[in-house]
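Chemist: What follows is a single structure, and I will ask about it in a moment.
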Amino acid sequence: MQPDDLDFDKRHIWHPYTSMTRPLPTYLVVSADGYELTLKDGRRLVDGMSSWWGAIHGYNHPVINQAMKNQISRMSHVMFGGITHPPAVELCRRLVTLMPSGLECVFLADSGSVAIEVAIKMALQYWQASGYPRHEFLALRHGYHGDTCGAMAVCDPETSMHSIYHSYLPSNRFIEAPKRSFRESWEPGDEASFSALFSNHHQTIAAVIMEPIVQGAGGMRFYHPEYLRVARALCDQYGILLIADEIATGFGRTGKWLACHHADIKPDILCLGKALTGGMMTLSATLTIRRIAEAISDSAVGCFMHGPTFMANPLACAAANASLSLLEDESWRQRVEAIASQLNKELLPLINHPRVFDVRVLGAIGVVEIMQTVNIAQLQHWFVEHGVWIRPFGNLIYLIPPYIISSKALTILINAISTSLDQPENFSYS
Ligand SMILES: *Cc1c(COP(=O)(O)O)cnc(C)c1O
């Protein structure tokens, strides 16, 4: 490693959502193990982010590592056109078994955003095959579905990048974000705007796309399960497809296997990613019901028009199979419950801090919403100085720790947030 790695990085390498001329500082991480990241200078940080929802079993997990080593010694990759392989077959078998019944046709792609593109294209081809093409999607304000163009076009038009790419993106229809939060009680009439939009525009809408229960990057909002049931019922009534984006919420994060399970509903198309490989490799899956697959396949086009070069990458499939085998004994349930109850006990009281607007907890997700936007560079620095890895955005400081985190380490994360609130420089720009 060269002494000027950080300088080179700053001069030549893009990071997520950053400027090339005024980049936020980056930290040099050289290894990661369990719930800890190790910096170049030897300091170890307790991880509160699971590398953006992915590393649910922690880092450097021996079972996943071994599965990947075994796979590497056979083949890291082989094309999926005209070829299949055991890791992909095993993974799809598992997904068909583990996901809601009926979702039995699996498309494996390389990232969450691509899984969304695939879902969108499947819905478009489905309607084209029916002889009544439809080109509009209904999405929620505050929604987030990825950064590629199709995905961006169903993200919240204000908080996402729509304005920058406006002239290039297809136009879709948006509905107010669900007002009723997860723990509030549902009131008759809450579904009125949703119903009205459906009765006025159902002839043009190909599918409704939503993040079930948790709106993640669009604001870390937890909404009422009844909203999801209403959406399902309206889709059924008008024959519109429902796409569930469980890329962040899948695999137990919210306390249920899928966030859809909070409402006991089944989507017609399901997108998975992030924790699919235990956060070890990039891989995503789009699952559909057979009726959609058949309509597309029996159409004049005769096939589904998508096929990434690295489709079903065997190494990523091996990581996913190992991750799913670790989830099999259901011990994630107790772990997520334990995290939830500790967050409820230790994080929730921060609601009384004058700087705090709201605190909310669902499963292994804890969110502290600040009255104003935070100074990310300063607050990030402060967290690193205090031995934790927490990446705030906007006015949100949130925790999505690996399920294997110890209660002592979780307390360290919570205390770091708590004491950071008393440092005015973390919340000012001077
Ligand atoms: C992260 C995320 C995506 C995009 O996944 P990438 O792998 O980053 O492309 C899509 N939808 C949701 C809900 C996400 O959280």
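To be explicit about the labels: the chains of the structure tokens are called A, B, and onward in the order shown, and within each one the residues are counted from 1, while ligands get numbers from 1 in the order they are shown.
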Run DSSP on the backbone and grab whatever in segment 100-153 of chain A lands in strand (DSSP E); send it over as number ranges by chain.

Modeler: A: 103-109, 136-140

Chemist: Hey, could you make a per-residue contact list for chain A against ligand 1 with 8 Å as the cut-off, showing the nearest pair of atoms and its distance in Å to one decimal, counting only C-alpha atoms and all ligand atoms, sorted by chain and number, as a Markdown table?

Modeler:
```
| residue | atom | partner | partner_atom_place_in_ligand_line | distance |
| --- | --- | --- | --- | --- |
| A:Trp52 | CA | ligand 1 | 1 (C) | 7.4 |
| A:Trp53 | CA | ligand 1 | 15 (O) | 7.8 |
| A:Asp110 | CA | ligand 1 | 7 (O) | 7.7 |
| A:Ser111 | CA | ligand 1 | 7 (O) | 4.1 |
| A:Gly112 | CA | ligand 1 | 5 (O) | 3.2 |
| A:Ser113 | CA | ligand 1 | 9 (O) | 3.5 |
| A:Val114 | CA | ligand 1 | 9 (O) | 6.3 |
| A:Ala115 | CA | ligand 1 | 9 (O) | 7.8 |
| A:Ile116 | CA | ligand 1 | 10 (C) | 6.9 |
| A:Gly143 | CA | ligand 1 | 13 (C) | 7.8 |
| A:Tyr144 | CA | ligand 1 | 13 (C) | 5.6 |
| A:His145 | CA | ligand 1 | 11 (N) | 3.6 |
| A:Gly146 | CA | ligand 1 | 4 (C) | 3.8 |
| A:Asp147 | CA | ligand 1 | 9 (O) | 6.5 |
| A:Thr148 | CA | ligand 1 | 9 (O) | 7.6 |
| A:Ala151 | CA | ligand 1 | 10 (C) | 7.7 |
| A:Glu211 | CA | ligand 1 | 13 (C) | 5.8 |
| A:Gln215 | CA | ligand 1 | 13 (C) | 7.1 |
| A:Gly216 | CA | ligand 1 | 15 (O) | 5.9 |
| A:Ala217 | CA | ligand 1 | 15 (O) | 6.3 |
| A:Asp245 | CA | ligand 1 | 13 (C) | 5.5 |
| A:Glu246 | CA | ligand 1 | 13 (C) | 6.1 |
| A:Ile247 | CA | ligand 1 | 12 (C) | 4.9 |
| A:Ala248 | CA | ligand 1 | 15 (O) | 4.2 |
| A:Thr249 | CA | ligand 1 | 13 (C) | 7.3 |
| A:Gly273 | CA | ligand 1 | 7 (O) | 6.3 |
| A:Lys274 | CA | ligand 1 | 7 (O) | 6.1 |
| A:Thr282 | CA | ligand 1 | 7 (O) | 7.0 |
| A:Leu283 | CA | ligand 1 | 7 (O) | 7.7 |
| A:Ser284 | CA | ligand 1 | 7 (O) | 7.4 |
```

Chemist: Expressed in Å to a single decimal, how great is the separation between atom CA of Ile289 of chain A and atom CA of Leu234 of chain A?

Modeler: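 Atom CA of Leu234 of chain A lies 18.1 Å from atom CA of Ile289 of chain A.
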
Chemist: Pick the closest to Asp47 of chain A from A:Tyr238, A:Phe137, A:Phe80, A:Tyr398: which is it, counting only C-alpha atoms?

Modeler: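 Using only C-alpha atoms, Asp47 of chain A sits closest to A:Tyr398.
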
Chemist: Using only C-alpha atoms, which residues of segment 192-270 of chain A come within 8 Å of segment 165-187 of chain A, and what is the closest atom pair for each, with the distance in Å to one decimal? Give it as a Markdown table, sorted by chain and residue number.

Modeler:
```
| residue | atom | partner | partner_atom | distance |
| --- | --- | --- | --- | --- |
| A:Ser193 | CA | A:Ile175 | CA | 7.8 |
| A:Phe194 | CA | A:Ile175 | CA | 7.1 |
| A:Leu197 | CA | A:Ile175 | CA | 7.9 |
| A:Ile213 | CA | A:Phe182 | CA | 7.5 |
| A:Arg221 | CA | A:Ser181 | CA | 7.6 |
| A:Phe222 | CA | A:Phe182 | CA | 5.3 |
| A:Tyr223 | CA | A:Ser181 | CA | 4.1 |
| A:His224 | CA | A:Phe182 | CA | 4.1 |
| A:Pro225 | CA | A:Phe182 | CA | 6.7 |
| A:Glu226 | CA | A:Trp186 | CA | 7.1 |
| A:Tyr227 | CA | A:Pro178 | CA | 6.9 |
```

Chemist: Please produce a file of those selected residues containing N, CA, C and O atoms, as a PDB file, in the first residue's frame.

Modeler:
```pdb
ATOM      1  N   SER A 193     -56.964   8.791  -1.102  1.00  0.00           N
ATOM      2  CA  SER A 193     -56.247   9.340  -2.257  1.00  0.00           C
ATOM      3  C   SER A 193     -55.739   8.212  -3.157  1.00  0.00           C
ATOM      4  O   SER A 193     -55.707   8.336  -4.378  1.00  0.00           O
ATOM      5  N   PHE A 194     -55.374   7.102  -2.537  1.00  0.00           N
ATOM      6  CA  PHE A 194     -54.926   5.946  -3.305  1.00  0.00           C
ATOM      7  C   PHE A 194     -56.082   5.430  -4.175  1.00  0.00           C
ATOM      8  O   PHE A 194     -55.932   5.215  -5.384  1.00  0.00           O
ATOM      9  N   LEU A 197     -56.912   7.808  -7.094  1.00  0.00           N
ATOM     10  CA  LEU A 197     -55.942   7.753  -8.176  1.00  0.00           C
ATOM     11  C   LEU A 197     -56.166   6.511  -9.045  1.00  0.00           C
ATOM     12  O   LEU A 197     -56.096   6.565 -10.271  1.00  0.00           O
ATOM     13  N   ILE A 213     -43.516  -1.228   3.684  1.00  0.00           N
ATOM     14  CA  ILE A 213     -43.386  -0.809   5.102  1.00  0.00           C
ATOM     15  C   ILE A 213     -42.264   0.196   5.375  1.00  0.00           C
ATOM     16  O   ILE A 213     -42.468   1.169   6.096  1.00  0.00           O
ATOM     17  N   ARG A 221     -38.704   6.093   6.532  1.00  0.00           N
ATOM     18  CA  ARG A 221     -40.055   6.197   7.087  1.00  0.00           C
ATOM     19  C   ARG A 221     -40.677   4.802   7.202  1.00  0.00           C
ATOM     20  O   ARG A 221     -40.543   3.991   6.298  1.00  0.00           O
ATOM     21  N   PHE A 222     -41.345   4.541   8.304  1.00  0.00           N
ATOM     22  CA  PHE A 222     -42.038   3.253   8.513  1.00  0.00           C
ATOM     23  C   PHE A 222     -43.533   3.515   8.414  1.00  0.00           C
ATOM     24  O   PHE A 222     -44.068   4.280   9.211  1.00  0.00           O
ATOM     25  N   TYR A 223     -44.206   2.888   7.472  1.00  0.00           N
ATOM     26  CA  TYR A 223     -45.630   3.212   7.319  1.00  0.00           C
ATOM     27  C   TYR A 223     -46.531   2.039   7.678  1.00  0.00           C
ATOM     28  O   TYR A 223     -46.085   0.917   7.899  1.00  0.00           O
ATOM     29  N   HIS A 224     -47.817   2.339   7.719  1.00  0.00           N
ATOM     30  CA  HIS A 224     -48.795   1.390   8.252  1.00  0.00           C
ATOM     31  C   HIS A 224     -49.027   0.196   7.311  1.00  0.00           C
ATOM     32  O   HIS A 224     -49.242   0.390   6.108  1.00  0.00           O
ATOM     33  N   PRO A 225     -49.034  -1.020   7.861  1.00  0.00           N
ATOM     34  CA  PRO A 225     -49.246  -2.200   7.017  1.00  0.00           C
ATOM     35  C   PRO A 225     -50.562  -2.173   6.240  1.00  0.00           C
ATOM     36  O   PRO A 225     -50.653  -2.730   5.150  1.00  0.00           O
ATOM     37  N   GLU A 226     -51.575  -1.485   6.802  1.00  0.00           N
ATOM     38  CA  GLU A 226     -52.862  -1.452   6.125  1.00  0.00           C
ATOM     39  C   GLU A 226     -52.740  -0.776   4.751  1.00  0.00           C
ATOM     40  O   GLU A 226     -53.461  -1.121   3.810  1.00  0.00           O
ATOM     41  N   TYR A 227     -51.813   0.179   4.639  1.00  0.00           N
ATOM     42  CA  TYR A 227     -51.586   0.860   3.367  1.00  0.00           C
ATOM     43  C   TYR A 227     -51.198  -0.148   2.287  1.00  0.00           C
ATOM     44  O   TYR A 227     -51.651  -0.090   1.138  1.00  0.00           O
TER      45      TYR A 227
END
```

Chemist: If we count only C-alpha atoms, what is near Cys105 of chain A at a cut-off of 8 Å, once residues fewer than 6 positions away on the same chain are taken out, given as a PyMOL selection string?

Modeler: chain A and resi 96+287-290+293

Chemist: Write the selection just made, keeping N, CA and C atoms, as a compact mmCIF listing (two decimals), in the first residue's frame?

Modeler:
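Once everything was written out, this is again-v9.txt:
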```txt
# COMPACT_ATOMS: atom_id res chain seq x y z
N VAL A 96 -37.27 -19.92 -4.47
CA VAL A 96 -38.64 -20.32 -4.76
C VAL A 96 -39.29 -20.91 -3.51
N LEU A 287 -38.23 -11.96 -8.78
CA LEU A 287 -39.08 -13.15 -8.83
C LEU A 287 -40.47 -12.75 -9.34
N THR A 288 -41.03 -13.58 -10.21
CA THR A 288 -42.38 -13.29 -10.70
C THR A 288 -43.28 -14.51 -10.60
N ILE A 289 -44.57 -14.22 -10.66
CA ILE A 289 -45.54 -15.31 -10.75
C ILE A 289 -45.52 -15.87 -12.18
N ARG A 290 -45.94 -17.12 -12.31
CA ARG A 290 -45.84 -17.78 -13.61
C ARG A 290 -46.72 -17.13 -14.68
N ALA A 293 -44.66 -14.55 -16.36
CA ALA A 293 -43.62 -15.19 -17.17
C ALA A 293 -44.21 -15.80 -18.43
```

Chemist: Using only C-alpha atoms, which residues sit within 9 Å of Ile400 of chain A once same-chain residues fewer than 2 positions away are excluded, as a PyMOL selection string?

Modeler: chain A and resi 47-53+56+253+364-367+398+402-403

Chemist: Store the residues picked out above in a file with N, CA and C atoms, as an mmCIF file, in the first residue's frame.

Modeler:
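Listed below is the output, again.cif:
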```
data_model
loop_
_atom_site.group_PDB
_atom_site.id
_atom_site.type_symbol
_atom_site.label_atom_id
_atom_site.label_comp_id
_atom_site.auth_asym_id
_atom_site.auth_seq_id
_atom_site.Cartn_x
_atom_site.Cartn_y
_atom_site.Cartn_z
ATOM 1 N N ASP A 47 -19.442 -1.370 13.627
ATOM 2 C CA ASP A 47 -20.197 -1.087 12.404
ATOM 3 C C ASP A 47 -21.692 -0.964 12.675
ATOM 4 N N GLY A 48 -22.244 0.202 12.374
ATOM 5 C CA GLY A 48 -23.682 0.395 12.547
ATOM 6 C C GLY A 48 -24.456 0.346 11.248
ATOM 7 N N MET A 49 -23.784 0.051 10.125
ATOM 8 C CA MET A 49 -24.424 0.199 8.812
ATOM 9 C C MET A 49 -24.602 -1.095 8.021
ATOM 10 N N SER A 50 -23.927 -2.186 8.434
ATOM 11 C CA SER A 50 -23.936 -3.425 7.629
ATOM 12 C C SER A 50 -23.609 -3.125 6.162
ATOM 13 N N SER A 51 -22.735 -2.112 5.957
ATOM 14 C CA SER A 51 -22.411 -1.708 4.583
ATOM 15 C C SER A 51 -23.667 -1.508 3.729
ATOM 16 N N TRP A 52 -24.591 -0.680 4.248
ATOM 17 C CA TRP A 52 -25.868 -0.408 3.589
ATOM 18 C C TRP A 52 -26.732 -1.672 3.452
ATOM 19 N N TRP A 53 -27.166 -2.188 4.531
ATOM 20 C CA TRP A 53 -28.166 -3.274 4.644
ATOM 21 C C TRP A 53 -27.634 -4.662 4.300
ATOM 22 N N ILE A 56 -25.448 -8.717 6.966
ATOM 23 C CA ILE A 56 -26.289 -9.098 8.116
ATOM 24 C C ILE A 56 -25.600 -10.085 9.054
ATOM 25 N N ARG A 253 -34.670 -8.001 8.144
ATOM 26 C CA ARG A 253 -34.256 -6.706 8.711
ATOM 27 C C ARG A 253 -35.357 -6.039 9.531
ATOM 28 N N ALA A 364 -34.411 -4.501 13.240
ATOM 29 C CA ALA A 364 -33.027 -4.085 13.487
ATOM 30 C C ALA A 364 -32.717 -2.769 12.769
ATOM 31 N N ILE A 365 -33.663 -1.836 12.826
ATOM 32 C CA ILE A 365 -33.487 -0.513 12.232
ATOM 33 C C ILE A 365 -33.826 0.530 13.295
ATOM 34 N N GLY A 366 -32.881 1.420 13.554
ATOM 35 C CA GLY A 366 -33.143 2.505 14.495
ATOM 36 C C GLY A 366 -32.838 3.827 13.823
ATOM 37 N N VAL A 367 -33.783 4.768 13.895
ATOM 38 C CA VAL A 367 -33.635 6.034 13.176
ATOM 39 C C VAL A 367 -33.788 7.207 14.137
ATOM 40 N N TYR A 398 -28.931 6.968 11.455
ATOM 41 C CA TYR A 398 -29.662 5.719 11.615
ATOM 42 C C TYR A 398 -28.704 4.544 11.797
ATOM 43 N N PRO A 402 -25.194 -5.199 11.782
ATOM 44 C CA PRO A 402 -25.236 -6.636 11.484
ATOM 45 C C PRO A 402 -26.044 -7.346 12.580
ATOM 46 N N TYR A 403 -26.783 -8.400 12.187
ATOM 47 C CA TYR A 403 -27.615 -9.103 13.178
ATOM 48 C C TYR A 403 -26.759 -9.688 14.313
#
```

Chemist: Mind checking which residues fall within 12 Å of segment 57-66 of chain A, counting only C-alpha atoms, ignoring those fewer than 2 positions away in the same chain, and posting them as number ranges by chain?

Modeler: A: 31-38, 46-51, 53-55, 68-73, 251-253, 275-281, 315-327, 331-332, 335-336, 400-406

Chemist: Which one of A:His201, A:Phe8, A:Ala129, A:Met99 sits closest to Ser299 of chain A if you count only C-alpha atoms?

Modeler: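 That would be A:Ala129, the residue with the smallest distance to Ser299 of chain A.
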
Chemist: I'd like the neighbourhood of Ile120 of chain A as a list in words, where a residue qualifies if any of its atoms comes within 9 Å (using only C-alpha atoms), though same-chain residues fewer than 6 positions away should be ignored.

Modeler: Phe137, Gly150, Ala151, Ala206, Ala207, Ile209 and Ile243 of chain A

Chemist: Let me see the file: selected residues, all heavy atoms, as a PDB file, in the first residue's frame.

Modeler:
```
ATOM      1  N   PHE A 137     -46.029   3.895 -14.480  1.00  0.00           N
ATOM      2  CA  PHE A 137     -45.926   3.227 -13.195  1.00  0.00           C
ATOM      3  C   PHE A 137     -46.440   4.156 -12.119  1.00  0.00           C
ATOM      4  O   PHE A 137     -46.304   5.376 -12.228  1.00  0.00           O
ATOM      5  CB  PHE A 137     -44.482   2.806 -12.914  1.00  0.00           C
ATOM      6  CG  PHE A 137     -44.066   1.663 -13.799  1.00  0.00           C
ATOM      7  CD1 PHE A 137     -43.648   1.894 -15.105  1.00  0.00           C
ATOM      8  CD2 PHE A 137     -44.165   0.348 -13.341  1.00  0.00           C
ATOM      9  CE1 PHE A 137     -43.312   0.833 -15.937  1.00  0.00           C
ATOM     10  CE2 PHE A 137     -43.821  -0.709 -14.170  1.00  0.00           C
ATOM     11  CZ  PHE A 137     -43.398  -0.472 -15.463  1.00  0.00           C
ATOM     12  N   GLY A 150     -34.364   3.832 -15.340  1.00  0.00           N
ATOM     13  CA  GLY A 150     -35.716   3.325 -15.086  1.00  0.00           C
ATOM     14  C   GLY A 150     -36.046   3.393 -13.607  1.00  0.00           C
ATOM     15  O   GLY A 150     -37.145   3.786 -13.212  1.00  0.00           O
ATOM     16  N   ALA A 151     -35.087   3.002 -12.784  1.00  0.00           N
ATOM     17  CA  ALA A 151     -35.286   3.022 -11.327  1.00  0.00           C
ATOM     18  C   ALA A 151     -35.460   4.457 -10.835  1.00  0.00           C
ATOM     19  O   ALA A 151     -36.355   4.745 -10.031  1.00  0.00           O
ATOM     20  CB  ALA A 151     -34.114   2.346 -10.622  1.00  0.00           C
ATOM     21  N   ALA A 206     -49.326   0.354 -15.530  1.00  0.00           N
ATOM     22  CA  ALA A 206     -48.864  -1.017 -15.712  1.00  0.00           C
ATOM     23  C   ALA A 206     -48.673  -1.706 -14.367  1.00  0.00           C
ATOM     24  O   ALA A 206     -49.027  -2.873 -14.192  1.00  0.00           O
ATOM     25  CB  ALA A 206     -47.541  -1.020 -16.484  1.00  0.00           C
ATOM     26  N   ALA A 207     -48.094  -0.994 -13.423  1.00  0.00           N
ATOM     27  CA  ALA A 207     -47.814  -1.598 -12.122  1.00  0.00           C
ATOM     28  C   ALA A 207     -47.650  -0.518 -11.064  1.00  0.00           C
ATOM     29  O   ALA A 207     -47.313   0.622 -11.359  1.00  0.00           O
ATOM     30  CB  ALA A 207     -46.539  -2.444 -12.187  1.00  0.00           C
ATOM     31  N   ILE A 209     -45.320   0.268  -7.872  1.00  0.00           N
ATOM     32  CA  ILE A 209     -44.052  -0.168  -7.301  1.00  0.00           C
ATOM     33  C   ILE A 209     -43.864   0.507  -5.951  1.00  0.00           C
ATOM     34  O   ILE A 209     -44.058   1.716  -5.823  1.00  0.00           O
ATOM     35  CB  ILE A 209     -42.868   0.108  -8.253  1.00  0.00           C
ATOM     36  CG1 ILE A 209     -41.551  -0.330  -7.602  1.00  0.00           C
ATOM     37  CG2 ILE A 209     -42.789   1.565  -8.697  1.00  0.00           C
ATOM     38  CD1 ILE A 209     -40.398  -0.460  -8.577  1.00  0.00           C
ATOM     39  N   ILE A 243     -45.420  -4.497  -7.701  1.00  0.00           N
ATOM     40  CA  ILE A 243     -43.991  -4.790  -7.580  1.00  0.00           C
ATOM     41  C   ILE A 243     -43.539  -4.400  -6.175  1.00  0.00           C
ATOM     42  O   ILE A 243     -43.685  -3.245  -5.773  1.00  0.00           O
ATOM     43  CB  ILE A 243     -43.151  -3.983  -8.609  1.00  0.00           C
ATOM     44  CG1 ILE A 243     -43.616  -4.284 -10.037  1.00  0.00           C
ATOM     45  CG2 ILE A 243     -41.661  -4.271  -8.431  1.00  0.00           C
ATOM     46  CD1 ILE A 243     -42.986  -3.360 -11.102  1.00  0.00           C
TER      47      ILE A 243
END
```
